[in-house]
file final19.cif (mmCIF, C-alpha atoms and all ligand atoms)
data_model
loop_
_atom_site.label_atom_id
_atom_site.label_comp_id
_atom_site.auth_asym_id
_atom_site.auth_seq_id
_atom_site.Cartn_x
_atom_site.Cartn_y
_atom_site.Cartn_z
CA MET S 1 298.76 -87.43 -66.25
CA ALA S 2 302.16 -86.39 -64.86
CA SER S 3 303.79 -83.41 -66.60
CA GLU S 4 306.63 -84.20 -69.02
CA THR S 5 309.07 -81.79 -67.35
CA PRO S 6 309.66 -82.36 -63.63
CA LEU S 7 307.83 -79.93 -61.39
CA PRO S 8 309.81 -77.47 -59.26
CA ALA S 9 310.43 -78.70 -55.71
CA PHE S 10 307.61 -77.93 -53.30
CA SER S 11 306.31 -78.91 -49.89
CA ALA S 12 302.74 -79.03 -48.67
CA ILE S 13 300.62 -78.23 -45.65
CA ILE S 14 297.33 -80.15 -45.45
CA VAL S 15 294.88 -78.48 -43.10
CA ALA S 16 292.96 -81.35 -41.50
CA ALA S 17 292.19 -79.94 -38.07
CA GLY S 18 288.53 -79.21 -38.59
CA LYS S 19 285.77 -80.96 -36.68
CA GLY S 20 283.70 -81.50 -39.86
CA LEU S 21 280.56 -81.79 -37.76
CA ARG S 22 278.27 -80.78 -40.63
CA ALA S 23 279.19 -84.06 -42.38
CA GLY S 24 277.62 -86.02 -39.55
CA GLY S 25 279.09 -88.92 -37.61
CA ASP S 26 281.78 -88.64 -34.93
CA THR S 27 284.74 -89.27 -37.18
CA PRO S 28 286.01 -85.97 -38.59
CA LYS S 29 285.04 -85.92 -42.26
CA GLN S 30 288.67 -85.62 -43.40
CA PHE S 31 289.37 -89.09 -41.92
CA ARG S 32 286.21 -90.81 -43.20
CA LYS S 33 286.32 -93.08 -46.22
CA TRP S 34 285.28 -91.71 -49.60
CA ARG S 35 285.69 -93.62 -52.86
CA GLY S 36 287.45 -96.44 -51.01
CA LYS S 37 289.99 -94.52 -48.91
CA PRO S 38 290.05 -91.80 -46.25
CA VAL S 39 289.42 -88.30 -47.55
CA VAL S 40 292.85 -86.97 -46.49
CA MET S 41 294.65 -89.85 -48.22
CA HIS S 42 293.41 -88.64 -51.61
CA SER S 43 295.29 -85.32 -51.24
CA VAL S 44 298.44 -86.96 -49.87
CA ASP S 45 298.50 -89.40 -52.78
CA ALA S 46 297.91 -86.63 -55.34
CA LEU S 47 300.63 -84.40 -53.87
CA ASN S 48 303.12 -87.26 -53.68
CA ALA S 49 302.29 -88.24 -57.26
CA ALA S 50 303.38 -84.70 -58.16
CA GLY S 51 306.69 -85.21 -56.35
CA CYS S 52 305.90 -83.32 -53.16
CA GLY S 53 308.79 -83.00 -50.72
CA SER S 54 307.72 -82.90 -47.10
CA ILE S 55 304.12 -82.73 -45.92
CA VAL S 56 302.79 -81.33 -42.67
CA ILE S 57 299.31 -82.51 -41.75
CA VAL S 58 297.67 -80.09 -39.33
CA ALA S 59 295.56 -82.41 -37.18
CA PRO S 60 293.01 -82.00 -34.38
CA PRO S 61 294.92 -82.14 -31.08
CA GLY S 62 294.95 -85.72 -29.81
CA LEU S 63 294.17 -87.21 -33.23
CA HIS S 64 297.66 -87.22 -34.76
CA ALA S 65 297.82 -91.03 -34.95
CA GLU S 66 294.39 -91.12 -36.60
CA ALA S 67 295.49 -88.42 -39.05
CA LEU S 68 298.66 -90.27 -40.05
CA ALA S 69 296.78 -93.57 -40.30
CA ALA S 70 294.08 -91.98 -42.47
CA ALA S 71 296.83 -90.46 -44.64
CA GLY S 72 298.33 -93.93 -45.15
CA GLU S 73 301.39 -93.40 -42.88
CA PRO S 74 303.31 -91.48 -45.61
CA ALA S 75 307.06 -91.44 -44.96
CA ASN S 76 307.32 -87.74 -45.84
CA ALA S 77 304.55 -86.52 -43.52
CA VAL S 78 304.53 -85.25 -39.97
CA THR S 79 301.68 -83.80 -37.92
CA VAL S 80 301.24 -80.65 -35.91
CA ASP S 81 298.39 -79.47 -33.67
CA GLY S 82 295.72 -77.35 -35.32
CA GLY S 83 294.69 -74.03 -33.83
CA VAL S 84 291.35 -72.48 -32.91
CA THR S 85 291.03 -70.93 -36.38
CA ARG S 86 292.09 -72.14 -39.81
CA GLN S 87 294.60 -69.29 -39.93
CA GLU S 88 296.21 -70.44 -36.70
CA SER S 89 296.33 -73.97 -38.10
CA VAL S 90 298.07 -72.76 -41.25
CA ARG S 91 300.54 -70.72 -39.19
CA ALA S 92 301.40 -73.81 -37.14
CA GLY S 93 301.93 -75.74 -40.35
CA LEU S 94 304.13 -73.00 -41.84
CA GLU S 95 306.34 -72.87 -38.75
CA ARG S 96 306.72 -76.66 -38.76
CA ILE S 97 307.39 -77.02 -42.49
CA GLY S 98 309.92 -74.16 -42.18
CA GLU S 99 312.28 -76.66 -40.55
CA LYS S 100 312.72 -78.10 -44.06
CA LYS S 101 313.46 -74.62 -45.49
CA PRO S 102 311.14 -75.07 -48.50
CA GLU S 103 311.19 -72.57 -51.37
CA ARG S 104 307.56 -73.24 -52.33
CA VAL S 105 304.61 -74.47 -50.30
CA LEU S 106 301.10 -75.57 -51.22
CA ILE S 107 298.48 -75.02 -48.52
CA HIS S 108 295.51 -77.32 -49.02
CA ASP S 109 292.24 -78.14 -47.28
CA ALA S 110 291.99 -81.89 -46.62
CA ALA S 111 288.25 -81.58 -47.28
CA ARG S 112 288.97 -81.10 -50.99
CA PRO S 113 290.14 -84.66 -51.80
CA ASP S 114 289.88 -84.75 -55.58
CA LEU S 115 293.08 -82.84 -56.46
CA PRO S 116 293.99 -82.88 -60.17
CA MET S 117 297.69 -82.88 -61.13
CA ALA S 118 297.00 -80.15 -63.71
CA VAL S 119 295.99 -77.72 -60.96
CA ILE S 120 299.23 -78.39 -59.07
CA GLU S 121 301.18 -77.79 -62.27
CA ARG S 122 299.39 -74.51 -62.98
CA LEU S 123 299.94 -73.25 -59.42
CA LEU S 124 303.66 -74.00 -59.42
CA ALA S 125 304.13 -72.40 -62.85
CA ALA S 126 302.47 -69.19 -61.61
CA LEU S 127 305.00 -68.93 -58.74
CA GLU S 128 307.61 -68.09 -61.37
CA THR S 129 306.01 -64.63 -61.63
CA HIS S 130 303.97 -64.18 -58.44
CA ALA S 131 304.50 -64.67 -54.71
CA GLY S 132 301.23 -66.58 -54.56
CA ALA S 133 298.80 -68.44 -56.83
CA ILE S 134 295.27 -69.70 -56.23
CA PRO S 135 292.89 -71.90 -58.25
CA ALA S 136 289.71 -70.03 -59.13
CA LEU S 137 286.52 -70.66 -61.10
CA PRO S 138 284.02 -68.24 -62.63
CA VAL S 139 280.71 -67.59 -60.90
CA VAL S 140 277.98 -69.14 -63.05
CA ASP S 141 274.88 -68.16 -61.04
CA SER S 142 273.62 -64.61 -60.99
CA LEU S 143 274.28 -63.00 -57.59
CA ALA S 144 272.02 -60.94 -55.37
CA VAL S 145 272.95 -58.57 -52.58
CA SER S 146 270.81 -59.21 -49.51
CA ASP S 147 270.04 -57.09 -46.47
CA SER S 148 269.63 -58.55 -42.96
CA ASN S 149 265.97 -59.31 -43.73
CA SER S 150 266.87 -61.53 -46.68
CA THR S 151 265.53 -58.86 -49.01
CA MET S 152 267.34 -58.30 -52.27
CA THR S 153 268.91 -54.85 -52.31
CA GLY S 154 270.88 -55.12 -55.54
CA LYS S 155 272.93 -57.41 -57.74
CA ALA S 156 276.63 -58.22 -57.58
CA ASP S 157 278.62 -58.21 -60.81
CA ARG S 158 279.59 -61.83 -61.20
CA GLU S 159 282.03 -60.94 -64.01
CA ILE S 160 284.52 -59.55 -61.47
CA LEU S 161 284.04 -62.33 -58.92
CA ARG S 162 285.68 -65.76 -58.73
CA ARG S 163 285.14 -68.89 -56.64
CA VAL S 164 288.42 -69.63 -54.90
CA GLN S 165 289.63 -73.14 -54.04
CA THR S 166 292.71 -74.77 -52.55
CA PRO S 167 295.54 -75.77 -52.77
CA GLN S 168 296.96 -72.27 -52.64
CA ALA S 169 300.62 -71.99 -53.65
CA PHE S 170 303.17 -69.59 -52.22
CA ARG S 171 306.81 -68.73 -52.14
CA TYR S 172 307.50 -69.86 -48.59
CA ALA S 173 309.44 -66.80 -47.39
CA ASP S 174 306.63 -64.47 -48.52
CA ILE S 175 303.72 -66.37 -46.99
CA VAL S 176 305.40 -67.08 -43.66
CA ALA S 177 306.40 -63.40 -43.34
CA ALA S 178 302.83 -62.34 -44.16
CA HIS S 179 301.39 -64.70 -41.53
CA ARG S 180 303.88 -63.52 -38.92
CA SER S 181 303.07 -59.88 -39.57
CA TRP S 182 299.28 -60.31 -39.92
CA THR S 183 297.42 -57.72 -37.84
CA GLY S 184 294.01 -58.17 -39.47
CA ALA S 185 290.86 -59.88 -38.28
CA LEU S 186 290.95 -63.04 -36.19
CA ASP S 187 290.73 -65.25 -39.24
CA ALA S 188 291.37 -64.14 -42.81
CA GLY S 189 289.20 -65.89 -45.41
CA ASP S 190 292.20 -67.66 -46.86
CA ASP S 191 295.96 -67.45 -47.20
CA ALA S 192 295.87 -65.43 -50.39
CA GLN S 193 294.26 -62.62 -48.41
CA VAL S 194 297.03 -62.85 -45.82
CA LEU S 195 299.69 -62.62 -48.53
CA MET S 196 297.99 -59.64 -50.15
CA ALA S 197 297.81 -57.88 -46.78
CA GLY S 198 301.57 -58.41 -46.62
CA GLY S 199 301.98 -56.83 -50.06
CA GLY S 200 302.39 -60.02 -52.06
CA SER S 201 300.97 -60.54 -55.54
CA VAL S 202 298.51 -63.39 -56.11
CA ALA S 203 297.96 -65.00 -59.52
CA LEU S 204 294.62 -66.61 -60.38
CA VAL S 205 294.97 -69.93 -62.21
CA GLN S 206 292.19 -72.12 -63.58
CA GLY S 207 290.63 -74.23 -60.83
CA ASP S 208 288.63 -77.43 -61.25
CA GLU S 209 285.09 -78.42 -60.21
CA ARG S 210 286.61 -81.69 -58.94
CA LEU S 211 288.07 -79.67 -56.07
CA LYS S 212 284.63 -79.36 -54.51
CA LYS S 213 284.83 -79.19 -50.70
CA MET S 214 283.29 -82.16 -48.83
CA THR S 215 280.94 -80.45 -46.41
CA PHE S 216 277.79 -82.47 -45.79
CA ALA S 217 277.03 -86.15 -45.28
CA GLN S 218 275.48 -86.39 -48.74
CA ASP S 219 278.78 -85.16 -50.26
CA PHE S 220 280.13 -88.58 -49.37
CA ALA S 221 277.70 -90.09 -51.84
CA ASP S 222 279.08 -87.40 -54.23
CA GLY S 223 275.83 -87.31 -56.17
CA ARG S 224 276.24 -90.74 -57.68
CA THR S 225 273.35 -93.17 -57.61
CA VAL S 226 273.35 -96.68 -56.21
CA ALA S 227 274.03 -98.91 -59.21
CA GLN S 228 274.08 -102.14 -57.22
CA PHE S 229 273.00 -103.03 -53.70
CA ARG S 230 274.05 -106.15 -51.80
CA VAL S 231 273.42 -107.60 -48.36
CA GLY S 232 275.42 -110.15 -46.43
CA GLN S 233 274.81 -111.97 -43.16
CA GLY S 234 277.19 -113.50 -40.65
CA TYR S 235 276.84 -115.78 -37.65
CA ASP S 236 279.42 -116.95 -35.12
CA VAL S 237 279.60 -118.68 -31.75
CA HIS S 238 282.31 -118.92 -29.12
CA ARG S 239 282.41 -120.85 -25.86
CA LEU S 240 282.38 -118.95 -22.56
CA GLN S 241 285.27 -120.04 -20.36
CA ALA S 242 286.86 -118.88 -17.10
CA GLY S 243 290.32 -117.42 -17.52
CA GLU S 244 289.62 -116.03 -20.99
CA GLU S 245 289.22 -112.34 -21.92
CA LEU S 246 285.87 -111.12 -23.17
CA TRP S 247 286.19 -109.03 -26.36
CA LEU S 248 283.02 -107.87 -28.17
CA CYS S 249 282.90 -105.36 -31.04
CA GLY S 250 286.54 -104.55 -30.44
CA ILE S 251 285.96 -103.62 -26.80
CA LYS S 252 287.28 -105.58 -23.80
CA LEU S 253 284.59 -106.17 -21.17
CA GLU S 254 285.37 -106.91 -17.54
CA TYR S 255 283.52 -110.18 -16.75
CA ASP S 256 284.24 -113.33 -14.77
CA MET S 257 284.36 -115.38 -17.98
CA GLY S 258 285.64 -114.78 -21.48
CA LEU S 259 285.43 -116.37 -24.92
CA ALA S 260 287.69 -119.16 -26.03
CA GLY S 261 289.03 -119.23 -29.56
CA HIS S 262 292.07 -119.14 -31.76
CA SER S 263 292.04 -115.34 -32.04
CA ASP S 264 290.67 -112.96 -29.39
CA ALA S 265 287.36 -114.74 -30.13
CA ASP S 266 285.45 -111.50 -30.67
CA VAL S 267 282.31 -113.27 -31.83
CA ALA S 268 280.56 -110.04 -32.82
CA LEU S 269 283.37 -108.82 -35.08
CA HIS S 270 283.57 -112.30 -36.58
CA ALA S 271 279.88 -112.21 -37.47
CA ILE S 272 280.24 -108.74 -39.02
CA THR S 273 283.35 -109.87 -40.93
CA ASP S 274 281.48 -112.89 -42.29
CA ALA S 275 278.58 -110.63 -43.29
CA VAL S 276 280.88 -108.36 -45.32
CA LEU S 277 282.63 -111.34 -46.93
CA GLY S 278 279.25 -112.92 -47.64
CA ALA S 279 277.95 -109.78 -49.34
CA ILE S 280 280.81 -109.83 -51.84
CA GLY S 281 280.89 -113.64 -52.13
CA ALA S 282 284.46 -113.79 -50.81
CA GLY S 283 284.24 -116.93 -48.66
CA ASP S 284 284.20 -116.64 -44.91
CA ILE S 285 286.47 -115.58 -42.08
CA GLY S 286 287.96 -119.04 -41.73
CA THR S 287 289.07 -119.16 -45.35
CA HIS S 288 290.91 -115.87 -44.92
CA PHE S 289 292.20 -116.45 -41.38
CA PRO S 290 292.31 -120.24 -40.82
CA PRO S 291 292.08 -121.24 -37.15
CA SER S 292 294.89 -123.67 -37.96
CA ASP S 293 297.26 -120.79 -38.80
CA PRO S 294 299.41 -119.94 -35.76
CA GLN S 295 299.79 -116.31 -36.87
CA TRP S 296 296.19 -115.67 -35.84
CA SER S 297 296.63 -117.06 -32.35
CA GLY S 298 295.35 -114.38 -29.97
CA ALA S 299 294.97 -111.96 -32.87
CA ALA S 300 292.84 -108.84 -32.45
CA SER S 301 289.78 -109.42 -34.63
CA GLY S 302 289.57 -105.80 -35.78
CA GLN S 303 292.12 -106.61 -38.47
CA PHE S 304 289.83 -109.33 -39.85
CA LEU S 305 287.02 -106.83 -40.28
CA GLU S 306 289.32 -104.18 -41.78
CA HIS S 307 290.55 -106.78 -44.27
CA ALA S 308 287.00 -107.68 -45.27
CA VAL S 309 286.07 -103.99 -45.68
CA LYS S 310 289.16 -103.43 -47.84
CA LEU S 311 288.16 -106.37 -50.06
CA ALA S 312 284.67 -104.87 -50.40
CA ASN S 313 286.10 -101.40 -51.22
CA ASP S 314 288.56 -102.93 -53.72
CA ALA S 315 285.56 -104.65 -55.36
CA GLY S 316 283.96 -101.21 -55.75
CA TYR S 317 281.50 -101.51 -52.87
CA THR S 318 280.92 -98.96 -50.12
CA LEU S 319 279.45 -100.08 -46.82
CA GLY S 320 276.02 -98.53 -46.29
CA ASN S 321 275.11 -99.81 -42.83
CA LEU S 322 275.49 -102.75 -40.50
CA ASP S 323 273.40 -104.32 -37.77
CA VAL S 324 274.83 -106.85 -35.29
CA THR S 325 272.94 -108.72 -32.54
CA ILE S 326 274.88 -110.20 -29.63
CA ILE S 327 273.07 -113.18 -28.11
CA CYS S 328 273.88 -113.89 -24.48
CA GLU S 329 272.29 -113.88 -21.02
CA ALA S 330 275.16 -111.81 -19.60
CA PRO S 331 277.07 -109.55 -19.37
CA LYS S 332 274.81 -106.58 -20.09
CA ILE S 333 275.78 -105.15 -23.45
CA GLY S 334 273.84 -101.89 -23.14
CA PRO S 335 276.40 -99.94 -21.09
CA HIS S 336 279.12 -100.76 -23.63
CA ARG S 337 277.07 -100.00 -26.74
CA PRO S 338 278.43 -96.43 -27.34
CA ALA S 339 282.06 -97.57 -27.18
CA MET S 340 281.23 -100.54 -29.40
CA ARG S 341 279.56 -98.34 -32.01
CA THR S 342 282.55 -95.98 -32.04
CA GLU S 343 285.00 -98.84 -32.52
CA VAL S 344 282.99 -100.63 -35.22
CA ALA S 345 282.50 -97.29 -37.01
CA ARG S 346 286.26 -96.72 -36.86
CA LEU S 347 287.02 -100.19 -38.19
CA THR S 348 284.54 -99.94 -41.07
CA GLY S 349 284.75 -96.23 -41.92
CA LEU S 350 280.98 -95.96 -41.39
CA ALA S 351 279.36 -93.03 -39.62
CA GLU S 352 278.18 -94.14 -36.19
CA ASP S 353 274.54 -93.66 -37.13
CA ALA S 354 275.01 -96.44 -39.70
CA VAL S 355 276.23 -98.90 -37.06
CA SER S 356 273.60 -100.76 -35.04
CA ILE S 357 274.62 -102.85 -32.01
CA LYS S 358 271.80 -104.92 -30.48
CA ALA S 359 271.72 -107.62 -27.80
CA THR S 360 269.21 -110.22 -26.71
CA THR S 361 268.89 -113.11 -24.28
CA THR S 362 267.36 -116.42 -25.28
CA GLU S 363 265.19 -116.60 -22.15
CA ARG S 364 267.70 -119.09 -20.64
CA LEU S 365 267.00 -121.51 -23.50
CA GLY S 366 269.78 -123.35 -25.38
CA PHE S 367 273.57 -123.01 -25.02
CA THR S 368 273.39 -119.23 -24.77
CA GLY S 369 270.64 -119.50 -22.16
CA ARG S 370 272.85 -121.83 -20.14
CA ALA S 371 275.72 -119.32 -20.50
CA GLU S 372 277.84 -121.94 -22.25
CA GLY S 373 278.64 -119.54 -25.04
CA ILE S 374 277.86 -116.29 -26.82
CA ALA S 375 276.50 -116.10 -30.37
CA ALA S 376 276.31 -113.14 -32.74
CA GLN S 377 274.41 -112.46 -35.92
CA ALA S 378 275.17 -109.60 -38.30
CA ILE S 379 273.85 -108.17 -41.53
CA VAL S 380 275.49 -105.50 -43.69
CA GLY S 381 274.32 -103.45 -46.66
CA LEU S 382 276.82 -102.60 -49.38
CA CYS S 383 276.32 -100.43 -52.43
CA LYS S 384 278.23 -99.91 -55.62
CA LEU S 385 277.80 -96.31 -56.76
CA GLY S 386 277.14 -95.67 -60.42
C1 LIG H 1 288.74 -115.98 -36.20
C2 LIG H 1 289.52 -117.24 -36.46
C3 LIG H 1 290.95 -116.81 -36.67
O1 LIG H 1 291.71 -117.93 -36.98
O2 LIG H 1 289.49 -118.18 -35.39
P1 LIG H 1 288.65 -118.04 -34.02
O3 LIG H 1 289.28 -116.97 -33.22
O4 LIG H 1 287.23 -117.73 -34.40
O5 LIG H 1 288.75 -119.37 -33.40
C4 LIG H 1 288.98 -118.03 -37.66
O6 LIG H 1 289.07 -117.22 -38.80
C5 LIG H 1 287.57 -118.47 -37.40
O7 LIG H 1 287.11 -119.14 -38.55
P2 LIG H 1 285.71 -119.88 -38.47
O8 LIG H 1 285.20 -119.98 -39.85
O9 LIG H 1 284.84 -119.17 -37.47
O10 LIG H 1 286.20 -121.28 -37.91
P3 LIG H 1 285.43 -122.65 -38.07
O11 LIG H 1 284.00 -122.49 -37.72
O12 LIG H 1 286.26 -123.59 -37.31
O13 LIG H 1 285.54 -122.98 -39.63
C6 LIG H 1 286.85 -122.96 -40.19
C7 LIG H 1 286.70 -123.17 -41.69
O14 LIG H 1 286.11 -124.44 -41.92
C8 LIG H 1 285.07 -124.34 -42.87
N1 LIG H 1 284.02 -125.21 -42.45
C9 LIG H 1 283.46 -125.05 -41.20
C10 LIG H 1 282.45 -125.93 -40.82
C11 LIG H 1 282.06 -126.95 -41.69
N2 LIG H 1 281.10 -127.86 -41.34
N3 LIG H 1 282.63 -127.09 -42.90
C12 LIG H 1 283.59 -126.21 -43.29
O15 LIG H 1 284.11 -126.34 -44.39
C13 LIG H 1 284.63 -122.90 -42.90
O16 LIG H 1 284.42 -122.49 -44.25
C14 LIG H 1 285.76 -122.13 -42.25
O17 LIG H 1 286.47 -121.37 -43.23
#

call {"tool": "encode", "arguments": {"input": "final19.cif", "output": "structure tokens"}}
result
Amino acid sequence: MASETPLPAFSAIIVAAGKGLRAGGDTPKQFRKWRGKPVVMHSVDALNAAGCGSIVIVAPPGLHAEALAAAGEPANAVTVDGGVTRQESVRAGLERIGEKKPERVLIHDAARPDLPMAVIERLLAALETHAGAIPALPVVDSLAVSDSNSTMTGKADREILRRVQTPQAFRYADIVAAHRSWTGALDAGDDAQVLMAGGGSVALVQGDERLKKMTFAQDFADGRTVAQFRVGQGYDVHRLQAGEELWLCGIKLEYDMGLAGHSDADVALHAITDAVLGAIGAGDIGTHFPPSDPQWSGAASGQFLEHAVKLANDAGYTLGNLDVTIICEAPKIGPHRPAMRTEVARLTGLAEDAVSIKATTTERLGFTGRAEGIAAQAIVGLCKLG
């Protein structure tokens, strides 16, 4: 619910440079899909709904395009390379956003996607009286002090402790000066500690459990149960022909023949696309991308699969896994399997361990055995979380 009175102008730095390895898969967790869109897009959309000015997304070096794509190509966002530590990443973001001379800046971890407007409002209001403001929650569990042998040596007073979240809000001049003059440890716990070291005052405002940090693979199921499970299967064939390119699972293979078709004839992606469409009862690839439509001539088939996945997400389904079998005597698929898995995972938003790429010959029997064509079969599992 947007506030009645317009919020004061602010900019934002989204720290998205982490590797997120604990979440599994090869795609950094901040770029993986959660509740129908990439994790980082949730924060960008929430900040822009609050009227954010410019946004700097601190991205892993070499993944700026992926970061902007995952963010939804927002017009007000640019990227900058992350550093070795989170603090270095924030400093890079502060220097870059400084070009816009902001008065206020929110510094937010991309891994906390569920950002309520009310928290943004509370943070900005607190900057009227403090140089910094952070969302915090009480500690509800009792706390123990442990020695190096995991033996309890005492209790900590939870009444004086708080769980701190992001975004953290700052008057820009104060936080950038504090970062520039930081002489402390390699990496401060968070930016509030940097500001305090620089003499700034930090207000605590009420946080929100929704701001839970996505850390592990199971966080992507966010504790909800599978309310509905569906499967879909797809099958496609294309003719092998000299002079054509051979595309399979979004990868171009060097081979003396290729597949003929209206699009790039990626028979494997077509089968997977049909499996996703079949699972949600949304027709088949030809009804969405008619071979009679000139706009699909030579088209890259990855867009067909992305379209089918978006339809499934829009219908409330999340892809669980997929399994595709490529049926041909040659070329050997095995050497290309890793690149194929990476590309299909990227197109579907699945973790790579949920993407299975298989291949088989037909013992020289039938049209595939005579190398007249290549066939592909695919099956996908979708779930609607309750
Ligand atoms: C990807 C695209 C891009 O244009 O072309 P290709 O690159 O494969 O040629 C098409 O979507 C590839 O559609 P695909 O469904 O495989 O093509 P076809 O086998 O020719 O079927 C086209 C349409 O006719 C319908 N159809 C097909 C066979 C049949 N006996 N009755 C039918 O009604 C299908 O429902 C399909 O929607």

call {"tool": "residues_around", "arguments": {"input": "final19.cif", "residues": "Glu103 (chain S)", "least_positions_apart": "6", "cutoff": "12 Å", "atoms": "only C-alpha atoms", "output": "MDAnalysis selection string"}}
result
chainID S and resid 8:12 53:54 94 97 124 127:128 131 169:176

call {"tool": "residues_around", "arguments": {"input": "final19.cif", "residues": "Lys384 (chain S)", "least_positions_apart": "6", "cutoff": "12 Å", "atoms": "all atoms listed in the file", "output": "VMD selection string"}}
result
chain S and resid 35 to 36 221 224 to 231 279 to 280 312 to 320

call {"tool": "residues_near_ligand", "arguments": {"input": "final19.cif", "ligand": "ligand LIG 1 (chain H)", "cutoff": "6 Å", "atoms": "all atoms listed in the file", "output": "compact mmCIF listing (two decimals) with C-alpha atoms, in the frame of the given file"}}
result
# COMPACT_ATOMS: atom_id res chain seq x y z
CA GLY S 261 289.03 -119.23 -29.56
CA HIS S 262 292.07 -119.14 -31.76
CA SER S 263 292.04 -115.34 -32.04
CA ASP S 264 290.67 -112.96 -29.39
CA ALA S 265 287.36 -114.74 -30.13
CA ASP S 284 284.20 -116.64 -44.91
CA ILE S 285 286.47 -115.58 -42.08
CA GLY S 286 287.96 -119.04 -41.73
CA THR S 287 289.07 -119.16 -45.35
CA PHE S 289 292.20 -116.45 -41.38
CA PRO S 290 292.31 -120.24 -40.82
CA PRO S 291 292.08 -121.24 -37.15
CA TRP S 296 296.19 -115.67 -35.84

call {"tool": "closest_residue", "arguments": {"input": "final19.cif", "among": "S:Arg337, S:Cys328, S:Pro102, S:His288", "to": "Gly366 (chain S)", "atoms": "all atoms listed in the file"}}
result
S:Cys328

call {"tool": "closest_residue", "arguments": {"input": "final19.cif", "among": "S:Ala330, S:Ile251, S:Leu382, S:Ala111", "to": "Val344 (chain S)", "atoms": "all atoms listed in the file"}}
result
S:Ile251

call {"tool": "atom_distance", "arguments": {"input": "final19.cif", "atom1": "CA of Lys332 (chain S)", "atom2": "CA of Ala375 (chain S)"}}
result
14.1 Å

call {"tool": "closest_residue", "arguments": {"input": "final19.cif", "among": "S:Lys37, S:Arg122, S:Arg91, S:Arg32", "to": "Ala188 (chain S)", "atoms": "only C-alpha atoms"}}
result
S:Arg91

call {"tool": "atom_distance", "arguments": {"input": "final19.cif", "atom1": "CA of Val276 (chain S)", "atom2": "CA of Lys310 (chain S)"}}
result
10.0 Å

call {"tool": "closest_residue", "arguments": {"input": "final19.cif", "among": "S:Gly83, S:Ala197, S:Arg158, S:Arg210", "to": "Ala177 (chain S)", "atoms": "only C-alpha atoms"}}
result
S:Ala197

call {"tool": "axis_aligned_box", "arguments": {"input": "final19.cif", "around": "region 28-45 of chain S", "padding_each_side": "5 Å", "output": "JSON"}}
result
{"center_x": 291.8, "center_y": -90.9, "center_z": -45.7, "size_x": 23.5, "size_y": 21.1, "size_z": 24.3}

call {"tool": "closest_residue", "arguments": {"input": "final19.cif", "among": "S:Leu269, S:Ala133, S:Val58, S:Ala67", "to": "Val84 (chain S)", "atoms": "all atoms listed in the file"}}
result
S:Val58

call {"tool": "residues_around", "arguments": {"input": "final19.cif", "residues": "region 40-47 of chain S", "least_positions_apart": "3", "cutoff": "10 Å", "atoms": "only C-alpha atoms", "output": "ChimeraX atom specification"}}
result
/S:10-16,29-37,50-55,57,67-74,76-77,106,108-117,120,167

call {"tool": "closest_residue", "arguments": {"input": "final19.cif", "among": "S:Lys100, S:Glu121, S:Arg162, S:Asp81", "to": "Pro6 (chain S)", "atoms": "all atoms listed in the file"}}
result
S:Glu121

call {"tool": "atom_distance", "arguments": {"input": "final19.cif", "atom1": "CA of Glu244 (chain S)", "atom2": "CA of His336 (chain S)"}}
result
18.7 Å

call {"tool": "residues_around", "arguments": {"input": "final19.cif", "residues": "Gly250 (chain S)", "least_positions_apart": "5", "cutoff": "7 Å", "atoms": "all atoms listed in the file", "output": "PyMOL selection string"}}
result
chain S and resi 302+340+343

call {"tool": "residues_around", "arguments": {"input": "final19.cif", "residues": "Gly154 (chain S)", "least_positions_apart": "2", "cutoff": "9 Å", "atoms": "all atoms listed in the file", "output": "ChimeraX atom specification"}}
result
/S:143-146,152,156
